[in-house]
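The structure appears below as structure tokens.
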Amino acid sequence: MAEDTFLRVNQRIEIMVREGDRFEQYPSRIEALERDRFIVAAPMWHGVPLRLPLGTSVEVALMTPTALYEFATLVVGAAERPLPTLTLIYPNVVNRIQRRQFVRVEDALPVRVESPTRLEAITINVSGGGVLLNLKPPQGEAPSIGEEWSLELYLPDRPEPLHSVGRVLRAQRVPGSDRLQVALEFVQIDEETRKAIIQHVFQRQLQQRPSP
């Protein structure tokens, strides 16, 4: 596999190791790419590098801005210095999930909206490119397409909200309800905020995927 593929040095990855009838998930990163293999930081377990015997089969997942990639591989090497690493062979088969510009997952996250009225909303789905919200509009009025709203998105692992501005793409009534579904595209968002959302989406996709 050539180095100009989706694999990149310093790319964050998740390594899944089978433990009995389930998989344990460990964060890692790619340290180096070689001709027929790649080297990753050894996963940590309670602060201790996880030692996997040569020949151990593992699953690897990683997120790019456009897709989630998953594949099976084998441990073919290990080193302790200058830092603990594992060597994995390049996969023969790679599963590329979803081909949109930004991967989208269903998730219910709290959002505060300034539209300019302050509203409480819940996401229906979220991606690095925008959100679909469920909310109760003031006086039951639907927003106009093109309106820009200030958003505060709350992720479960962050004490402070993520700030952005979204443009209304569409709005439709929820049947039998006084609530709306409103799709917004991020038009003002810094890259660190977008990366945090993409990483959350990545984790949610891993949690939602069927067990191998």
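Naming scheme: A, B, ... for chains in displayed order of the structure tokens; residues 1 onward per chain; ligands 1 onward as shown.
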Select from range 32-188 of chain A everything DSSP, run on the backbone, classes as strand (DSSP E or B), then give the selection as a PyMOL selection string.
chain A and resi 32-33+37-41+44-45+48-49+57-63+68-79+85-89+95-97+104-106+110-114+118-127+130-135+148-153+162-173+180-188
Measuring atom to atom with only C-alpha atoms, identify which of A:Pro84, A:Pro143, A:Pro156, A:Pro53 is nearest to Pro110 in chain A.
A:Pro156
Where does DSSP see alpha helix (DSSP H) in range 5-212 of chain A, if you list the residues as a PyMOL selection string?
chain A and resi 191-208
Nearest residue to Phe71 in chain A from the set A:Glu114, A:Glu185, A:Glu14, A:Glu152 (distances using only C-alpha atoms)
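Under the stated criterion, the closest residue is A:Glu14.
With only C-alpha atoms as the atoms that count, the minimum distance from Thr85 in chain A to the choices A:Gln188, A:Thr64, A:Thr193, A:Ser28 is reached by A:Ser28.
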Residue neighbourhood Leu83 in chain A, 10 Å, only C-alpha atoms, exclusion window fewer than 6 positions, as a list in words
Ala41, Ala42 and Pro49 of chain A
Output N, CA and C atoms for every residue in the selection just made, as a PDB file, in the first residue's frame.
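Okay, this is what ended up in again.pdb:
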ATOM      1  N   ALA A  41       1.812   3.774  17.761  1.00  0.00           N
ATOM      2  CA  ALA A  41       2.091   3.840  19.191  1.00  0.00           C
ATOM      3  C   ALA A  41       1.376   2.693  19.888  1.00  0.00           C
ATOM      4  N   ALA A  42       2.078   2.023  20.788  1.00  0.00           N
ATOM      5  CA  ALA A  42       1.453   0.913  21.510  1.00  0.00           C
ATOM      6  C   ALA A  42       0.277   1.433  22.326  1.00  0.00           C
ATOM      7  N   PRO A  49       1.930   0.159  28.550  1.00  0.00           N
ATOM      8  CA  PRO A  49       1.781  -0.255  27.144  1.00  0.00           C
ATOM      9  C   PRO A  49       1.187  -1.654  27.037  1.00  0.00           C
TER      10      PRO A  49
END
Name the residues in contact with His163 in chain A at a cut-off of 12 Å, using only C-alpha atoms, excluding same-chain residues fewer than 5 positions from it; report them as a ChimeraX atom specification.
/A:111-114,149-155,186-194,196-197
Give me a file of those residues, with C-alpha atoms, as a compact mmCIF listing (two decimals), in the first residue's frame.
# COMPACT_ATOMS: atom_id res chain seq x y z
CA VAL A 111 -27.77 22.71 21.76
CA ARG A 112 -28.50 26.31 22.71
CA VAL A 113 -29.53 28.49 19.80
CA GLU A 114 -29.63 32.28 19.32
CA TRP A 149 -27.95 31.22 14.06
CA SER A 150 -25.36 31.18 16.82
CA LEU A 151 -24.98 27.68 18.25
CA GLU A 152 -23.61 26.23 21.48
CA LEU A 153 -23.17 22.46 21.07
CA TYR A 154 -22.53 20.34 24.16
CA LEU A 155 -20.47 17.16 23.81
CA PHE A 186 -21.78 25.51 9.68
CA VAL A 187 -20.65 28.79 8.10
CA GLN A 188 -18.45 30.06 10.94
CA ILE A 189 -16.50 27.40 12.83
CA ASP A 190 -12.84 27.19 13.76
CA GLU A 191 -10.92 24.07 12.80
CA GLU A 192 -10.36 22.92 16.38
CA THR A 193 -14.11 22.96 16.96
CA ARG A 194 -14.73 21.08 13.72
CA ALA A 196 -13.72 17.99 18.05
CA ILE A 197 -17.08 17.35 16.35
Thr123 in chain A proximity check over A:Gln181, A:Gln207, A:Thr5, A:Gln25, using only C-alpha atoms: winner is A:Gln181
Determine the nearest neighbour of Arg12 in chain A from the options A:Val48, A:Met63, A:Leu133, A:Leu33, counting only C-alpha atoms.
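Going through A:Val48, A:Met63, A:Leu133, A:Leu33 one by one, the smallest distance to Arg12 in chain A is for A:Met63.
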Of the residues A:Glu70, A:Asp21, A:Glu147, A:Glu59, which is the one nearest to Val165 in chain A, using only C-alpha atoms?
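Ranking A:Glu70, A:Asp21, A:Glu147, A:Glu59 by distance to Val165 in chain A, first place goes to A:Glu147.
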